[in-house]
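Colleague: Once you've had a glance at the structure underneath, I'll fire off some questions.
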Amino acid sequence: MFAPRTTPWPLVALFTAGYLAPYLLPTVVGRLDSGLPLSPTQAGGVGSALLLSSASAGFLLASRVDRFGARRLARIGLTLALLGYGGAALAHTVPAVVLGVLIGGFGSGTATAVAATRIAAQHDPHRTTTAGLLGVSALAGAVYLTVPHLGPGHGQPLAAIALTALAVWPLTGRIPVDAPTVESRRPAARLPHRRPGLVLAACMLCWSLAQNSLWGVSGRIGLTQAQLTEATVGAVFAIALGAGLLGVTGAGALGPRLGLAMPIGAGTVLIAGCIALSASATDLPTFATGEIAWNTIYPIVLSYVIGLAASLDPRGRWAVLVGSAASLGTAAGPLAGSVLSAQAGFPVMGAVLAVGLLVVSVPMTAVALRAGKPTLPVVEIPVDVRAGEDAYEAATAA
């Protein structure tokens with residue numbers, strides 16, 4: 001499925017480093033809650049601030065990667081992630097942790113913006129995105145298995161993100177300095193497909209909000225409602241992310257054979273059911289079933305959505321803007337999930353999120369159907385004007 005010689009592994013690694021923070025959100029929020037003098041809602045707010053900082057970097061840099069240089073921006077983003085998350089992991093006061101999380105989040109968003117623009121310019125962006133999702137899922141699963149055995153405290157998951165940025169930094173030397181396509185070298189090009197791009201961005205904000213409203217409180221559902229231990233919850237998350245690896249592998253093998261509309265539309269409907277099931281779990285089998293099924297389908301749909309956004313603009317601007325809109329939804333997710341669950345309980349929260357997903361699946365599918373329609377090539381037919389004039393004069397004389 002992945003050709004070692006043609007797969008852009010530096011971009012895959014950069015994608016992994018940028019996406020790791022959202023994947024570790026449940027353990028980050030849970031550890032902030034237990035390791036610092038913060039309430040669950042306040043810890044969710046810190047998680048939202050992290051992802052909001054990441055989203056702001058994407059919006060700021062969506063059309064400026066070529067101007068500043070992909071390699072330079074990638075190194076800046078990874079450096080900010082290392083310093084921010086590393087500093088937050090070592091800090092013991094809430095203001096210092098929040099400041100570090102904000103700096104690290106901006107670094108993650110910068111790395112993600114560079115990866116998204118360069119992946120969109122690839123011949124097969126879906127394959128590269130799939131490889132990146134495989135990497136981040138595998139790494140996050142390893143962290144979920146390891147963190148519970150490293151003792152209490154808020155620093156372990158943040159340190160994992162910082163160390164990942166440090167490990168990826170040397171690979172930035174293999175990112176091309178120049179833009180890889182002719183389209184990306186054209187200055188001041190108009191952003192194409194504005195209406196479907198805006199619809200997709202708005203839908204992805206709501207889509208990600210629903211996903212991460214549950215993901216941000218999944219740890220608390222397992223610990224409080226299902227009465228599981230932290231080690232058991234971590235094992236469920238690791239297995240769920242491992243199942244996601246299998247799902248993404250299958251999606252990568254299928255590639256564009258299924259089109260875009262069916263994986264995005266049908267997959268979102270299935271995710272809605274998984275969220276409702278997981279939020280209502282009161283025992284290990286229900287909780288594990290909901291989380292594993294959800295994490296199997298979620299990265300599959302996400303890979304196709306990223307591919308859809310990349311197809312709207314070869315320069316990757318819609319890929320970055322849609323990804324940043326998704327980060328906004330992701331940022332609001334932990335806080336929204338904490339507030340909804342505190343006011344109405346986890347099962348009602350899950351039902352509300354499921355209904356919202358069913359609603360946004362309709363316009364997302366419509367955009368995918370429109371993007372999948374083939375367009376007829378424009379053929380220029382040369383016309384010899386002088387020959388036409390000679391024929392006209394000859395006919396007049398006759």
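Letters A, B, ... mark the chains of the structure tokens in the order given; residue numbers begin at 1 per chain; ligand numbers begin at 1, in order shown.
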Quick one: residues within 8 Å of Val136 in chain A, only C-alpha atoms, excluding same-chain residues fewer than 6 positions away - as a list in words?

Modeller: Phe15, Thr16, Ala17, Tyr19, Leu20 and Tyr23 of chain A

Colleague: Write out as a list in words which residues come within 9 Å of range 117-120 of chain A when counting only C-alpha atoms, dropping same-chain ones fewer than 5 positions away.

Modeller: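 Close residues of range 117-120 of chain A: Pro8, Leu11, Val12, Ala62, Ser63, Val65, Ala70, Thr112, Pro125, His126, Thr128, Thr129, Ala179, Pro180, Ile306, Gly307, Ala309, Ala310, Ser311, Asp313, Pro314, Arg315, Gly316, Arg317, Trp318, Ala319 and Val320 of chain A.
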
Colleague: Between A:Gly44, A:Gly173, A:Gly356, A:Gly109, single out the one closest to Val269 in chain A, counting only C-alpha atoms.

Modeller: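 Nearest candidate to Val269 in chain A out of A:Gly44, A:Gly173, A:Gly356, A:Gly109: A:Gly356.
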
Colleague: Tell me which protein, DNA and RNA residues are within 12 Å of Leu198 in chain A, counting only C-alpha atoms, leaving out same-chain ones fewer than 2 positions away, and put them as an mmCIF file with all heavy atoms, in the first residue's frame.

Modeller:
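Output below, filename selection-v4.cif:
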data_model
loop_
_atom_site.group_PDB
_atom_site.id
_atom_site.type_symbol
_atom_site.label_atom_id
_atom_site.label_comp_id
_atom_site.auth_asym_id
_atom_site.auth_seq_id
_atom_site.Cartn_x
_atom_site.Cartn_y
_atom_site.Cartn_z
ATOM 1 N N LEU A 191 -8.500 31.802 -4.594
ATOM 2 C CA LEU A 191 -8.881 30.569 -3.911
ATOM 3 C C LEU A 191 -10.041 29.917 -4.662
ATOM 4 O O LEU A 191 -11.120 30.503 -4.778
ATOM 5 C CB LEU A 191 -9.299 30.879 -2.473
ATOM 6 C CG LEU A 191 -9.521 29.678 -1.543
ATOM 7 C CD1 LEU A 191 -8.223 28.909 -1.363
ATOM 8 C CD2 LEU A 191 -10.045 30.150 -0.193
ATOM 9 N N PRO A 192 -9.863 28.713 -5.210
ATOM 10 C CA PRO A 192 -10.913 28.107 -6.030
ATOM 11 C C PRO A 192 -11.988 27.443 -5.172
ATOM 12 O O PRO A 192 -11.795 27.196 -3.973
ATOM 13 C CB PRO A 192 -10.151 27.059 -6.852
ATOM 14 C CG PRO A 192 -9.032 26.644 -5.958
ATOM 15 C CD PRO A 192 -8.649 27.876 -5.171
ATOM 16 N N HIS A 193 -13.125 27.148 -5.808
ATOM 17 C CA HIS A 193 -14.212 26.376 -5.187
ATOM 18 C C HIS A 193 -14.602 26.953 -3.817
ATOM 19 O O HIS A 193 -14.635 26.255 -2.805
ATOM 20 C CB HIS A 193 -13.810 24.912 -5.035
ATOM 21 C CG HIS A 193 -13.380 24.261 -6.318
ATOM 22 N ND1 HIS A 193 -14.242 24.034 -7.371
ATOM 23 C CD2 HIS A 193 -12.160 23.798 -6.711
ATOM 24 C CE1 HIS A 193 -13.574 23.451 -8.357
ATOM 25 N NE2 HIS A 193 -12.319 23.308 -7.995
ATOM 26 N N ARG A 194 -14.903 28.237 -3.794
ATOM 27 C CA ARG A 194 -15.138 28.897 -2.499
ATOM 28 C C ARG A 194 -16.384 28.381 -1.797
ATOM 29 O O ARG A 194 -16.362 28.139 -0.581
ATOM 30 C CB ARG A 194 -15.239 30.412 -2.711
ATOM 31 C CG ARG A 194 -13.925 31.045 -3.124
ATOM 32 C CD ARG A 194 -13.939 32.545 -2.939
ATOM 33 N NE ARG A 194 -12.623 33.121 -3.191
ATOM 34 C CZ ARG A 194 -12.306 34.379 -2.885
ATOM 35 N NH1 ARG A 194 -13.210 35.176 -2.341
ATOM 36 N NH2 ARG A 194 -11.095 34.831 -3.135
ATOM 37 N N ARG A 195 -17.481 28.220 -2.553
ATOM 38 C CA ARG A 195 -18.718 27.794 -1.884
ATOM 39 C C ARG A 195 -18.594 26.395 -1.289
ATOM 40 O O ARG A 195 -18.854 26.221 -0.087
ATOM 41 C CB ARG A 195 -19.898 27.874 -2.855
ATOM 42 C CG ARG A 195 -21.223 27.482 -2.211
ATOM 43 C CD ARG A 195 -22.380 27.684 -3.169
ATOM 44 N NE ARG A 195 -22.506 29.082 -3.558
ATOM 45 C CZ ARG A 195 -23.398 29.525 -4.434
ATOM 46 N NH1 ARG A 195 -24.216 28.676 -5.035
ATOM 47 N NH2 ARG A 195 -23.465 30.810 -4.731
ATOM 48 N N PRO A 196 -18.202 25.361 -2.063
ATOM 49 C CA PRO A 196 -18.060 24.054 -1.431
ATOM 50 C C PRO A 196 -16.981 24.031 -0.365
ATOM 51 O O PRO A 196 -17.101 23.311 0.642
ATOM 52 C CB PRO A 196 -17.710 23.118 -2.600
ATOM 53 C CG PRO A 196 -17.236 24.002 -3.687
ATOM 54 C CD PRO A 196 -17.953 25.289 -3.520
ATOM 55 N N LEU A 200 -17.733 22.904 3.428
ATOM 56 C CA LEU A 200 -16.974 21.820 4.042
ATOM 57 C C LEU A 200 -16.289 22.285 5.321
ATOM 58 O O LEU A 200 -16.267 21.555 6.325
ATOM 59 C CB LEU A 200 -15.930 21.297 3.051
ATOM 60 C CG LEU A 200 -15.102 20.092 3.507
ATOM 61 C CD1 LEU A 200 -15.999 18.896 3.780
ATOM 62 C CD2 LEU A 200 -14.043 19.742 2.477
ATOM 63 N N ALA A 201 -15.743 23.505 5.318
ATOM 64 C CA ALA A 201 -15.097 24.025 6.525
ATOM 65 C C ALA A 201 -16.093 24.177 7.675
ATOM 66 O O ALA A 201 -15.805 23.805 8.819
ATOM 67 C CB ALA A 201 -14.420 25.356 6.216
ATOM 68 N N ALA A 202 -17.281 24.727 7.381
ATOM 69 C CA ALA A 202 -18.300 24.884 8.424
ATOM 70 C C ALA A 202 -18.757 23.531 8.966
ATOM 71 O O ALA A 202 -18.934 23.362 10.173
ATOM 72 C CB ALA A 202 -19.489 25.676 7.871
ATOM 73 N N CYS A 203 -18.936 22.573 8.059
ATOM 74 C CA CYS A 203 -19.353 21.238 8.500
ATOM 75 C C CYS A 203 -18.278 20.574 9.339
ATOM 76 O O CYS A 203 -18.573 19.906 10.334
ATOM 77 C CB CYS A 203 -19.681 20.369 7.289
ATOM 78 S SG CYS A 203 -21.195 20.838 6.430
ATOM 79 N N MET A 204 -17.013 20.760 8.951
ATOM 80 C CA MET A 204 -15.937 20.129 9.698
ATOM 81 C C MET A 204 -15.788 20.730 11.084
ATOM 82 O O MET A 204 -15.371 20.043 12.038
ATOM 83 C CB MET A 204 -14.627 20.251 8.927
ATOM 84 C CG MET A 204 -14.421 19.159 7.902
ATOM 85 S SD MET A 204 -14.510 17.483 8.617
ATOM 86 C CE MET A 204 -13.002 17.464 9.579
ATOM 87 N N LEU A 205 -16.115 22.012 11.229
ATOM 88 C CA LEU A 205 -16.103 22.599 12.567
ATOM 89 C C LEU A 205 -17.093 21.863 13.469
ATOM 90 O O LEU A 205 -16.757 21.466 14.590
ATOM 91 C CB LEU A 205 -16.437 24.087 12.478
ATOM 92 C CG LEU A 205 -16.246 24.930 13.731
ATOM 93 C CD1 LEU A 205 -15.989 26.383 13.336
ATOM 94 C CD2 LEU A 205 -17.455 24.881 14.666
ATOM 95 N N ALA A 309 -10.735 17.912 0.891
ATOM 96 C CA ALA A 309 -10.275 19.296 1.003
ATOM 97 C C ALA A 309 -9.060 19.542 0.112
ATOM 98 O O ALA A 309 -8.943 20.599 -0.523
ATOM 99 C CB ALA A 309 -9.937 19.621 2.459
ATOM 100 N N LEU A 312 -9.805 20.286 -3.558
ATOM 101 C CA LEU A 312 -10.409 21.571 -3.896
ATOM 102 C C LEU A 312 -9.385 22.631 -4.276
ATOM 103 O O LEU A 312 -9.749 23.660 -4.843
ATOM 104 C CB LEU A 312 -11.256 22.079 -2.715
ATOM 105 C CG LEU A 312 -12.459 21.218 -2.318
ATOM 106 C CD1 LEU A 312 -13.157 21.821 -1.109
ATOM 107 C CD2 LEU A 312 -13.427 21.068 -3.481
ATOM 108 N N ARG A 317 -4.464 25.165 0.208
ATOM 109 C CA ARG A 317 -5.040 26.170 1.110
ATOM 110 C C ARG A 317 -6.339 25.692 1.726
ATOM 111 O O ARG A 317 -6.591 25.916 2.926
ATOM 112 C CB ARG A 317 -5.246 27.483 0.355
ATOM 113 C CG ARG A 317 -3.952 28.208 0.019
ATOM 114 C CD ARG A 317 -4.156 29.351 -0.955
ATOM 115 N NE ARG A 317 -4.574 28.852 -2.261
ATOM 116 C CZ ARG A 317 -4.845 29.642 -3.299
ATOM 117 N NH1 ARG A 317 -4.736 30.960 -3.175
ATOM 118 N NH2 ARG A 317 -5.215 29.130 -4.457
ATOM 119 N N TRP A 318 -7.193 25.027 0.926
ATOM 120 C CA TRP A 318 -8.423 24.509 1.520
ATOM 121 C C TRP A 318 -8.122 23.382 2.506
ATOM 122 O O TRP A 318 -8.836 23.216 3.509
ATOM 123 C CB TRP A 318 -9.383 24.027 0.443
ATOM 124 C CG TRP A 318 -10.241 25.096 -0.149
ATOM 125 C CD1 TRP A 318 -10.367 25.445 -1.458
ATOM 126 C CD2 TRP A 318 -11.103 26.004 0.571
ATOM 127 N NE1 TRP A 318 -11.244 26.494 -1.604
ATOM 128 C CE2 TRP A 318 -11.721 26.859 -0.377
ATOM 129 C CE3 TRP A 318 -11.407 26.171 1.928
ATOM 130 C CZ2 TRP A 318 -12.614 27.857 -0.011
ATOM 131 C CZ3 TRP A 318 -12.307 27.176 2.291
ATOM 132 C CH2 TRP A 318 -12.897 28.001 1.330
ATOM 133 N N ALA A 319 -7.089 22.600 2.255
ATOM 134 C CA ALA A 319 -6.721 21.557 3.209
ATOM 135 C C ALA A 319 -6.354 22.163 4.559
ATOM 136 O O ALA A 319 -6.754 21.662 5.614
ATOM 137 C CB ALA A 319 -5.557 20.727 2.658
ATOM 138 N N LEU A 321 -7.254 25.315 5.625
ATOM 139 C CA LEU A 321 -8.398 26.023 6.186
ATOM 140 C C LEU A 321 -9.434 25.061 6.754
ATOM 141 O O LEU A 321 -9.983 25.296 7.846
ATOM 142 C CB LEU A 321 -9.037 26.913 5.114
ATOM 143 C CG LEU A 321 -8.187 28.109 4.666
ATOM 144 C CD1 LEU A 321 -8.828 28.802 3.472
ATOM 145 C CD2 LEU A 321 -8.001 29.088 5.823
ATOM 146 N N VAL A 322 -9.714 23.980 6.043
ATOM 147 C CA VAL A 322 -10.655 22.985 6.568
ATOM 148 C C VAL A 322 -10.074 22.318 7.811
ATOM 149 O O VAL A 322 -10.789 22.076 8.794
ATOM 150 C CB VAL A 322 -10.978 21.939 5.481
ATOM 151 C CG1 VAL A 322 -11.756 20.762 6.066
ATOM 152 C CG2 VAL A 322 -11.794 22.575 4.359
ATOM 153 N N GLY A 323 -8.770 22.029 7.780
ATOM 154 C CA GLY A 323 -8.145 21.458 8.967
ATOM 155 C C GLY A 323 -8.170 22.407 10.154
ATOM 156 O O GLY A 323 -8.364 21.987 11.298
ATOM 157 N N ALA A 325 -10.465 24.783 10.618
ATOM 158 C CA ALA A 325 -11.851 24.801 11.084
ATOM 159 C C ALA A 325 -12.137 23.576 11.947
ATOM 160 O O ALA A 325 -12.825 23.668 12.979
ATOM 161 C CB ALA A 325 -12.805 24.844 9.888
ATOM 162 N N PRO A 363 -24.793 17.946 4.147
ATOM 163 C CA PRO A 363 -24.009 18.839 3.278
ATOM 164 C C PRO A 363 -22.601 18.321 2.993
ATOM 165 O O PRO A 363 -22.053 18.586 1.905
ATOM 166 C CB PRO A 363 -23.958 20.157 4.070
ATOM 167 C CG PRO A 363 -24.281 19.788 5.475
ATOM 168 C CD PRO A 363 -25.187 18.615 5.404
ATOM 169 N N MET A 364 -21.995 17.595 3.908
ATOM 170 C CA MET A 364 -20.675 17.024 3.635
ATOM 171 C C MET A 364 -20.740 16.041 2.471
ATOM 172 O O MET A 364 -19.869 16.040 1.585
ATOM 173 C CB MET A 364 -20.127 16.330 4.881
ATOM 174 C CG MET A 364 -19.745 17.272 6.005
ATOM 175 S SD MET A 364 -19.179 16.400 7.493
ATOM 176 C CE MET A 364 -17.605 15.762 6.904
ATOM 177 N N VAL A 367 -21.095 17.974 -0.843
ATOM 178 C CA VAL A 367 -19.826 18.517 -1.333
ATOM 179 C C VAL A 367 -18.979 17.405 -1.948
ATOM 180 O O VAL A 367 -18.355 17.587 -3.001
ATOM 181 C CB VAL A 367 -19.060 19.215 -0.192
ATOM 182 C CG1 VAL A 367 -17.660 19.615 -0.657
ATOM 183 C CG2 VAL A 367 -19.818 20.442 0.282
#

Colleague: Under the rule that only C-alpha atoms are counted, which of A:Leu284, A:Val301, A:Ala96, A:Leu14 is the nearest residue to Met262 in chain A?

Modeller: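 Ranking A:Leu284, A:Val301, A:Ala96, A:Leu14 by distance to Met262 in chain A, first place goes to A:Val301.
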
Colleague: Could you produce a table of the residues of range 28-141 of chain A lying within 9 Å of range 215-234 of chain A, with the nearest pair of atoms per residue and their separation in Å rounded to one decimal, using only C-alpha atoms, ordered by chain and increasing residue number, as a Markdown table?

Modeller:
| residue | atom | partner | partner_atom | distance |
| --- | --- | --- | --- | --- |
| A:Val29 | CA | A:Gly216 | CA | 7.0 |
| A:Gly30 | CA | A:Gly219 | CA | 6.8 |
| A:Gly44 | CA | A:Gly216 | CA | 7.2 |
| A:Gly47 | CA | A:Gly216 | CA | 8.3 |
| A:Gly141 | CA | A:Gly234 | CA | 8.7 |

Colleague: Could you write out that same residue set with C-alpha atoms as a PDB file, in the first residue's frame?

Modeller:
ATOM      1  CA  VAL A  29      -7.264  16.778  30.093  1.00  0.00           C
ATOM      2  CA  GLY A  30      -7.564  13.965  32.643  1.00  0.00           C
ATOM      3  CA  GLY A  44     -11.358  20.955  29.567  1.00  0.00           C
ATOM      4  CA  GLY A  47      -7.453  21.540  26.462  1.00  0.00           C
ATOM      5  CA  GLY A 141      -1.717   4.008  21.305  1.00  0.00           C
TER       6      GLY A 141
END

Colleague: Please run DSSP on the backbone and report, as a PyMOL selection string, all residues within range 316-384 of chain A that come out as helix (DSSP H, G or I).

Modeller: chain A and resi 317-344+346-371

Colleague: Please identify all polymer residues within 8 Å of Leu214 in chain A, counting only C-alpha atoms, omitting same-chain residues fewer than 2 positions from it, and present them as a PDB file with N, CA and C atoms, in the first residue's frame.

Modeller:
ATOM      1  N   ALA A 210     -18.377  17.668  17.604  1.00  0.00           N
ATOM      2  CA  ALA A 210     -19.083  16.498  18.123  1.00  0.00           C
ATOM      3  C   ALA A 210     -18.115  15.390  18.518  1.00  0.00           C
ATOM      4  N   GLN A 211     -17.120  15.120  17.648  1.00  0.00           N
ATOM      5  CA  GLN A 211     -16.166  14.056  17.945  1.00  0.00           C
ATOM      6  C   GLN A 211     -15.436  14.318  19.257  1.00  0.00           C
ATOM      7  N   ASN A 212     -14.917  15.522  19.393  1.00  0.00           N
ATOM      8  CA  ASN A 212     -14.039  15.811  20.522  1.00  0.00           C
ATOM      9  C   ASN A 212     -14.784  16.229  21.773  1.00  0.00           C
ATOM     10  N   GLY A 216     -13.013  14.274  24.548  1.00  0.00           N
ATOM     11  CA  GLY A 216     -12.460  14.997  25.681  1.00  0.00           C
ATOM     12  C   GLY A 216     -12.946  14.504  27.026  1.00  0.00           C
ATOM     13  N   VAL A 217     -14.099  13.844  27.082  1.00  0.00           N
ATOM     14  CA  VAL A 217     -14.634  13.340  28.353  1.00  0.00           C
ATOM     15  C   VAL A 217     -14.703  11.816  28.370  1.00  0.00           C
ATOM     16  N   SER A 218     -14.146  11.162  27.353  1.00  0.00           N
ATOM     17  CA  SER A 218     -14.208   9.696  27.318  1.00  0.00           C
ATOM     18  C   SER A 218     -13.515   9.068  28.521  1.00  0.00           C
ATOM     19  N   ILE A 275     -20.962   7.153  19.011  1.00  0.00           N
ATOM     20  CA  ILE A 275     -20.897   8.167  20.069  1.00  0.00           C
ATOM     21  C   ILE A 275     -22.036   7.984  21.057  1.00  0.00           C
ATOM     22  N   ALA A 279     -21.279   7.038  24.999  1.00  0.00           N
ATOM     23  CA  ALA A 279     -21.686   7.977  26.047  1.00  0.00           C
ATOM     24  C   ALA A 279     -22.659   7.361  27.037  1.00  0.00           C
ATOM     25  N   GLY A 333     -14.418  21.298  21.704  1.00  0.00           N
ATOM     26  CA  GLY A 333     -14.949  20.011  22.114  1.00  0.00           C
ATOM     27  C   GLY A 333     -14.834  19.694  23.596  1.00  0.00           C
ATOM     28  N   PRO A 334     -13.621  19.752  24.184  1.00  0.00           N
ATOM     29  CA  PRO A 334     -13.511  19.399  25.602  1.00  0.00           C
ATOM     30  C   PRO A 334     -14.390  20.246  26.511  1.00  0.00           C
ATOM     31  N   GLY A 337     -18.103  19.336  25.767  1.00  0.00           N
ATOM     32  CA  GLY A 337     -18.423  18.047  26.367  1.00  0.00           C
ATOM     33  C   GLY A 337     -18.527  18.118  27.877  1.00  0.00           C
ATOM     34  N   GLY A 350     -24.369  12.425  24.596  1.00  0.00           N
ATOM     35  CA  GLY A 350     -24.120  11.574  23.438  1.00  0.00           C
ATOM     36  C   GLY A 350     -25.239  11.639  22.416  1.00  0.00           C
TER      37      GLY A 350
END

Colleague: Pick from A:Val360, A:Ile297, A:Leu24, A:Ala251: nearest to Phe237 in chain A, with only C-alpha atoms counted?

Modeller: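 Residue with the minimum atom-to-atom distance to Phe237 in chain A: A:Leu24.
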
Colleague: Restricting the calculation to only C-alpha atoms, which member of A:Arg370, A:Arg75, A:Arg31, A:His123 is positioned closest to Val168 in chain A?

Modeller: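 Selected residue with least distance to Val168 in chain A: A:Arg75.
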
Colleague: Quick one, how far is CA of Val97 in chain A from CA of Leu50 in chain A?

Modeller: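 CA of Leu50 in chain A lies 10.6 Å from CA of Val97 in chain A.
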
Colleague: Excluding range 290-292 of chain A and residues on its chain fewer than 3 positions from it, collect all residues at most 9 Å away from it, counting only C-alpha atoms, and give them as a list in words.

Modeller: Ser218, Val236, Phe237, Ile239, Ala240, Leu241, Gly242, Ala243, Gly244, Gly273, Cys274, Ile275, Ala276, Leu277, Ser278, Ala279, Ala281, Pro285, Thr286, Phe287, Asn295, Thr296 and Ile297 of chain A

Colleague: Find, counting only C-alpha atoms, the residue in A:Leu246, A:Leu139, A:Leu60, A:Val362 that gets nearest to Trp207 in chain A.

Modeller: A:Val362

Colleague: Find, counting only C-alpha atoms, the residue in A:Ala331, A:Gly345, A:Leu133, A:Thr282 that gets nearest to Leu302 in chain A.

Modeller: A:Leu133

Colleague: Could you check how far CA of Phe346 in chain A sits from CA of Gly247 in chain A, in Å to one decimal?

Modeller: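 We find that CA of Phe346 in chain A and CA of Gly247 in chain A lie 26.6 Å from each other.
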